[in-house]
$ cat coords13.pdb   # PDB, C-alpha atoms, pLDDT in the B column
ATOM      1  CA  MET A   1       4.256-141.940  45.796  1.00 65.00           C
ATOM      2  CA  SER A   2       4.563-143.887  49.049  1.00 86.00           C
ATOM      3  CA  LYS A   3       1.886-143.789  51.715  1.00 91.00           C
ATOM      4  CA  ILE A   4       4.091-141.667  53.988  1.00 91.00           C
ATOM      5  CA  SER A   5       4.886-139.242  51.179  1.00 90.00           C
ATOM      6  CA  GLY A   6       1.210-138.969  50.300  1.00 90.00           C
ATOM      7  CA  ALA A   7       0.261-138.425  53.937  1.00 93.00           C
ATOM      8  CA  LEU A   8       2.890-135.681  54.326  1.00 94.00           C
ATOM      9  CA  HIS A   9       1.649-133.946  51.172  1.00 93.00           C
ATOM     10  CA  TYR A  10      -1.920-134.177  52.471  1.00 94.00           C
ATOM     11  CA  LEU A  11      -0.753-132.716  55.807  1.00 94.00           C
ATOM     12  CA  PHE A  12       0.927-129.872  53.880  1.00 95.00           C
ATOM     13  CA  GLU A  13      -2.288-129.115  51.987  1.00 95.00           C
ATOM     14  CA  LEU A  14      -4.327-129.338  55.178  1.00 95.00           C
ATOM     15  CA  SER A  15      -1.955-126.930  56.908  1.00 93.00           C
ATOM     16  CA  LEU A  16      -2.322-124.511  53.981  1.00 95.00           C
ATOM     17  CA  LEU A  17      -6.092-124.642  54.365  1.00 95.00           C
ATOM     18  CA  ALA A  18      -5.857-124.042  58.122  1.00 94.00           C
ATOM     19  CA  LYS A  19      -3.308-121.199  57.733  1.00 92.00           C
ATOM     20  CA  GLY A  20      -5.403-119.624  54.976  1.00 95.00           C
ATOM     21  CA  THR A  21      -8.570-119.776  57.057  1.00 96.00           C
ATOM     22  CA  LEU A  22      -6.829-118.283  60.089  1.00 93.00           C
ATOM     23  CA  ALA A  23      -5.152-115.605  57.950  1.00 93.00           C
ATOM     24  CA  LEU A  24      -8.473-114.569  56.428  1.00 96.00           C
ATOM     25  CA  THR A  25     -10.100-114.499  59.864  1.00 95.00           C
ATOM     26  CA  GLU A  26      -7.215-112.430  61.223  1.00 92.00           C
ATOM     27  CA  SER A  27      -7.447-109.925  58.359  1.00 95.00           C
ATOM     28  CA  LEU A  28     -11.213-109.587  58.704  1.00 95.00           C
ATOM     29  CA  SER A  29     -10.879-109.184  62.490  1.00 91.00           C
ATOM     30  CA  GLY A  30      -8.398-106.384  61.947  1.00 91.00           C
ATOM     31  CA  LEU A  31     -10.751-104.715  59.485  1.00 94.00           C
ATOM     32  CA  GLY A  32     -13.603-105.037  61.968  1.00 92.00           C
ATOM     33  CA  LEU A  33     -11.434-103.563  64.702  1.00 88.00           C
ATOM     34  CA  LEU A  34     -10.466-100.677  62.435  1.00 90.00           C
ATOM     35  CA  LEU A  35     -14.064 -99.909  61.478  1.00 92.00           C
ATOM     36  CA  THR A  36     -15.586-100.266  64.968  1.00 88.00           C
ATOM     37  CA  PRO A  37     -15.679 -97.086  67.041  1.00 89.00           C
ATOM     38  CA  ASN A  38     -13.496 -97.236  70.153  1.00 83.00           C
ATOM     39  CA  ALA A  39     -16.421 -96.231  72.372  1.00 83.00           C
ATOM     40  CA  ALA A  40     -18.464 -99.191  71.111  1.00 85.00           C
ATOM     41  CA  ILE A  41     -15.668-101.648  71.945  1.00 79.00           C
ATOM     42  CA  THR A  42     -15.192-100.291  75.459  1.00 78.00           C
ATOM     43  CA  ALA A  43     -18.966-100.344  76.040  1.00 81.00           C
ATOM     44  CA  VAL A  44     -19.228-103.994  74.955  1.00 78.00           C
ATOM     45  CA  VAL A  45     -16.248-105.038  77.110  1.00 73.00           C
ATOM     46  CA  ALA A  46     -17.698-103.213  80.123  1.00 74.00           C
ATOM     47  CA  TRP A  47     -21.108-104.812  79.511  1.00 77.00           C
ATOM     48  CA  LEU A  48     -19.585-108.312  79.227  1.00 70.00           C
ATOM     49  CA  ALA A  49     -17.563-107.780  82.395  1.00 69.00           C
ATOM     50  CA  GLN A  50     -20.675-106.681  84.254  1.00 71.00           C
ATOM     51  CA  LEU A  51     -22.534-109.801  83.081  1.00 67.00           C
ATOM     52  CA  GLN A  52     -19.721-111.966  84.441  1.00 61.00           C
ATOM     53  CA  MET A  53     -19.750-110.331  87.888  1.00 59.00           C
ATOM     54  CA  THR A  54     -22.102-113.059  89.132  1.00 56.00           C
ATOM     55  CA  GLU A  55     -19.616-115.801  88.166  1.00 55.00           C
ATOM     56  CA  ALA A  56     -16.904-117.164  90.468  1.00 53.00           C
ATOM     57  CA  SER A  57     -14.190-115.814  88.170  1.00 54.00           C
ATOM     58  CA  ALA A  58     -15.575-112.279  88.398  1.00 55.00           C
ATOM     59  CA  ASP A  59     -12.482-110.820  90.088  1.00 63.00           C
ATOM     60  CA  ARG A  60     -10.167-112.144  87.401  1.00 64.00           C
ATOM     61  CA  LEU A  61     -12.421-111.067  84.563  1.00 59.00           C
ATOM     62  CA  ALA A  62     -13.042-107.657  86.087  1.00 63.00           C
ATOM     63  CA  ALA A  63      -9.293-107.103  86.470  1.00 66.00           C
ATOM     64  CA  ALA A  64      -8.597-108.246  82.910  1.00 65.00           C
ATOM     65  CA  SER A  65     -11.447-106.112  81.552  1.00 62.00           C
ATOM     66  CA  GLY A  66     -10.253-103.087  83.497  1.00 64.00           C
ATOM     67  CA  HIS A  67      -6.726-103.547  82.167  1.00 65.00           C
ATOM     68  CA  PHE A  68      -8.043-103.984  78.618  1.00 63.00           C
ATOM     69  CA  LEU A  69     -10.159-100.840  78.857  1.00 61.00           C
ATOM     70  CA  ALA A  70      -7.246 -98.873  80.302  1.00 62.00           C
ATOM     71  CA  VAL A  71      -4.848 -99.747  77.476  1.00 62.00           C
ATOM     72  CA  LEU A  72      -7.274 -99.677  74.536  1.00 67.00           C
ATOM     73  CA  SER A  73      -6.795 -96.149  73.343  1.00 73.00           C
ATOM     74  CA  LEU A  74      -7.858 -95.193  69.856  1.00 74.00           C
ATOM     75  CA  GLN A  75      -4.199 -95.218  68.839  1.00 78.00           C
ATOM     76  CA  SER A  76      -3.611 -98.747  70.171  1.00 78.00           C
ATOM     77  CA  GLN A  77      -6.865 -99.918  68.596  1.00 81.00           C
ATOM     78  CA  HIS A  78      -5.652 -98.691  65.204  1.00 86.00           C
ATOM     79  CA  PHE A  79      -2.241-100.296  65.765  1.00 83.00           C
ATOM     80  CA  TYR A  80      -3.800-103.689  66.557  1.00 82.00           C
ATOM     81  CA  ALA A  81      -6.207-103.374  63.642  1.00 88.00           C
ATOM     82  CA  LEU A  82      -3.419-102.617  61.181  1.00 89.00           C
ATOM     83  CA  TYR A  83      -1.209-105.317  62.724  1.00 85.00           C
ATOM     84  CA  LEU A  84      -3.930-107.949  62.370  1.00 87.00           C
ATOM     85  CA  MET A  85      -4.758-106.888  58.823  1.00 93.00           C
ATOM     86  CA  GLY A  86      -1.113-106.823  57.750  1.00 89.00           C
ATOM     87  CA  HIS A  87      -0.161-110.064  59.496  1.00 88.00           C
ATOM     88  CA  GLY A  88      -3.212-111.827  58.080  1.00 90.00           C
ATOM     89  CA  ALA A  89      -2.675-110.458  54.567  1.00 94.00           C
ATOM     90  CA  LEU A  90       0.979-111.517  54.633  1.00 92.00           C
ATOM     91  CA  LYS A  91       0.079-115.058  55.691  1.00 92.00           C
ATOM     92  CA  LEU A  92      -2.764-115.191  53.158  1.00 95.00           C
ATOM     93  CA  ALA A  93      -0.398-114.146  50.351  1.00 95.00           C
ATOM     94  CA  MET A  94       2.044-116.825  51.518  1.00 95.00           C
ATOM     95  CA  VAL A  95      -0.660-119.497  51.485  1.00 96.00           C
ATOM     96  CA  LEU A  96      -1.927-118.485  48.042  1.00 96.00           C
ATOM     97  CA  ALA A  97       1.607-118.466  46.583  1.00 96.00           C
ATOM     98  CA  LEU A  98       2.321-121.910  48.051  1.00 96.00           C
ATOM     99  CA  ALA A  99      -1.026-123.245  46.820  1.00 95.00           C
ATOM    100  CA  ARG A 100      -0.111-122.060  43.301  1.00 96.00           C
ATOM    101  CA  ARG A 101       3.231-123.861  43.737  1.00 94.00           C
ATOM    102  CA  TRP A 102       5.364-120.819  42.882  1.00 95.00           C
ATOM    103  CA  PRO A 103       8.953-121.941  43.471  1.00 95.00           C
ATOM    104  CA  ALA A 104      10.093-118.577  44.869  1.00 95.00           C
ATOM    105  CA  ALA A 105       7.317-118.682  47.475  1.00 96.00           C
ATOM    106  CA  TYR A 106       8.828-121.646  49.318  1.00 97.00           C
ATOM    107  CA  PRO A 107      12.069-120.068  50.630  1.00 97.00           C
ATOM    108  CA  VAL A 108      10.262-116.774  51.311  1.00 96.00           C
ATOM    109  CA  SER A 109       7.557-118.634  53.244  1.00 95.00           C
ATOM    110  CA  MET A 110      10.116-120.551  55.280  1.00 96.00           C
ATOM    111  CA  ALA A 111      11.854-117.289  56.212  1.00 96.00           C
ATOM    112  CA  LEU A 112       8.525-115.642  57.075  1.00 93.00           C
ATOM    113  CA  LEU A 113       7.475-118.590  59.230  1.00 93.00           C
ATOM    114  CA  ALA A 114      10.884-118.630  60.930  1.00 96.00           C
ATOM    115  CA  GLY A 115      10.356-114.971  61.815  1.00 93.00           C
ATOM    116  CA  PHE A 116       6.945-115.791  63.281  1.00 89.00           C
ATOM    117  CA  VAL A 117       8.462-118.674  65.279  1.00 92.00           C
ATOM    118  CA  ALA A 118      11.244-116.465  66.640  1.00 93.00           C
ATOM    119  CA  TYR A 119       8.709-113.836  67.730  1.00 87.00           C
ATOM    120  CA  GLN A 120       6.385-116.451  69.246  1.00 85.00           C
ATOM    121  CA  PHE A 121       9.220-118.048  71.233  1.00 88.00           C
ATOM    122  CA  TYR A 122      10.372-114.632  72.416  1.00 88.00           C
ATOM    123  CA  GLU A 123       6.888-113.693  73.618  1.00 83.00           C
ATOM    124  CA  PHE A 124       6.426-117.137  75.171  1.00 83.00           C
ATOM    125  CA  SER A 125       9.728-116.789  77.029  1.00 87.00           C
ATOM    126  CA  GLN A 126       8.542-113.457  78.432  1.00 85.00           C
ATOM    127  CA  GLY A 127       5.711-115.213  80.268  1.00 81.00           C
ATOM    128  CA  GLY A 128       3.310-115.425  77.360  1.00 75.00           C
ATOM    129  CA  SER A 129       0.482-117.825  76.896  1.00 75.00           C
ATOM    130  CA  PRO A 130       1.172-121.533  76.277  1.00 82.00           C
ATOM    131  CA  VAL A 131      -0.823-121.006  73.075  1.00 78.00           C
ATOM    132  CA  LEU A 132       2.220-119.132  71.720  1.00 79.00           C
ATOM    133  CA  GLY A 133       4.365-122.201  72.354  1.00 83.00           C
ATOM    134  CA  LEU A 134       1.847-124.347  70.505  1.00 86.00           C
ATOM    135  CA  MET A 135       1.716-121.876  67.614  1.00 84.00           C
ATOM    136  CA  ALA A 136       5.521-121.881  67.414  1.00 88.00           C
ATOM    137  CA  ALA A 137       5.548-125.692  67.326  1.00 90.00           C
ATOM    138  CA  LEU A 138       2.916-125.769  64.571  1.00 89.00           C
ATOM    139  CA  ASP A 139       4.760-123.138  62.533  1.00 91.00           C
ATOM    140  CA  THR A 140       7.992-125.125  62.955  1.00 94.00           C
ATOM    141  CA  MET A 141       6.187-128.195  61.608  1.00 94.00           C
ATOM    142  CA  MET A 142       4.908-126.055  58.737  1.00 94.00           C
ATOM    143  CA  ILE A 143       8.483-124.987  57.908  1.00 95.00           C
ATOM    144  CA  ALA A 144       9.489-128.662  57.670  1.00 96.00           C
ATOM    145  CA  LEU A 145       6.512-129.418  55.402  1.00 95.00           C
ATOM    146  CA  VAL A 146       7.244-126.414  53.162  1.00 96.00           C
ATOM    147  CA  ALA A 147      10.909-127.438  52.923  1.00 96.00           C
ATOM    148  CA  ARG A 148       9.889-130.984  51.969  1.00 95.00           C
ATOM    149  CA  GLU A 149       7.464-129.767  49.300  1.00 95.00           C
ATOM    150  CA  TYR A 150      10.136-127.406  47.956  1.00 96.00           C
ATOM    151  CA  ARG A 151      12.634-130.272  47.601  1.00 94.00           C
ATOM    152  CA  LEU A 152      10.011-132.238  45.657  1.00 92.00           C
ATOM    153  CA  LEU A 153       9.077-129.272  43.462  1.00 91.00           C
ATOM    154  CA  VAL A 154      12.546-127.966  42.629  1.00 84.00           C
ATOM    155  CA  PRO A 155      15.079-130.671  41.771  1.00 78.00           C
ATOM    156  CA  GLN A 156      18.239-130.184  43.790  1.00 70.00           C
ATOM    157  CA  PRO A 157      21.542-130.239  41.902  1.00 74.00           C
ATOM    158  CA  ALA A 158      23.586-133.390  42.389  1.00 69.00           C
ATOM    159  CA  THR A 159      26.731-132.928  44.404  1.00 68.00           C
ATOM    160  CA  SER A 160      29.907-134.592  43.238  1.00 61.00           C
ATOM    161  CA  ALA A 161      32.178-136.121  45.827  1.00 56.00           C
TER     162      ALA A 161
END

$ encode --input "coords13.pdb" --output "structure tokens"
Amino acid sequence: MSKISGALHYLFELSLLAKGTLALTESLSGLGLLLTPNAAITAVVAWLAQLQMTEASADRLAAASGHFLAVLSLQSQHFYALYLMGHGALKLAMVLALARRWPAAYPVSMALLAGFVAYQFYEFSQGGSPVLGLMAALDTMMIALVAREYRLLVPQPATSA
């Protein structure tokens, strides 16, 4: 194995570790959001906003907190909780399947990541956070790494000319 090939494999494994850690965090955050009473969340957000009122960015934070409190109904809280849990569980299953080197997991993972990238670019194009652009770039890199690992794992049939 060449140095470049070894480095790319190491980058693939490192990206699996990072994706797995983020997926687990996302799933646990969703579970926490599901189990936390809505009134407790709104009370904490209001308390944090009040603490920040002495800061220079108080107007911005107060506006953001007010918007957050206005849209965080119990129904939306449950939606976000289930979304985070499902999204995290899906990514965690993908990471575990890739770590076990299951051949079928590679094309499924590439399709899943492509879906995430499409959504991230769409949201970014709608005036989303630059973080979405960064996430899309990292997921695109991950697709390339998964495709490379798949080619190494599953021998491709020779084409005759």

$ closest_residue --input "coords13.pdb" --among "A:Leu153, A:Leu145, A:Ala40, A:Ala104" --to "A:Leu14" --atoms "all atoms listed in the file"
A:Leu145

$ resolve_selection --input "coords13.pdb" --expression "the PyMOL selection byres ((chain A and resi 108) around 12)" --output "PyMOL selection string"
chain A and resi 90-91+93-95+97-98+102-107+109-115+143+146-147+150

$ resolve_selection --input "coords13.pdb" --expression "the PyMOL selection byres ((chain A and resi 139) around 8)" --output "list in words"
Leu113, Ala114, Phe116, Val117, Met135, Ala136, Ala137, Leu138, Thr140, Met141, Met142 and Ile143 of chain A

$ closest_residue --input "coords13.pdb" --among "A:Gly6, A:Pro130, A:Pro37, A:Gly32" --to "A:Leu84" --atoms "only C-alpha atoms"
A:Gly32

$ atom_distance --input "coords13.pdb" --atom1 "atom CA of A:Leu35" --atom2 "atom CA of A:Tyr80"
12.1 Å

$ atom_distance --input "coords13.pdb" --atom1 "atom CA of A:Gly86" --atom2 "atom CA of A:Gly30"
8.4 Å

$ atom_distance --input "coords13.pdb" --atom1 "atom CA of A:Val44" --atom2 "atom CA of A:Thr25"
20.5 Å

$ closest_residue --input "coords13.pdb" --among "A:Gln156, A:Ile4, A:Ser29, A:Arg101" --to "A:Leu16" --atoms "only C-alpha atoms"
A:Arg101

$ closest_residue --input "coords13.pdb" --among "A:His78, A:Leu31, A:Leu152, A:Pro157" --to "A:Leu8" --atoms "all atoms listed in the file"
A:Leu152

$ closest_residue --input "coords13.pdb" --among "A:Ala43, A:Leu28, A:Ala118, A:Leu132" --to "A:Leu82" --atoms "all atoms listed in the file"
A:Leu28
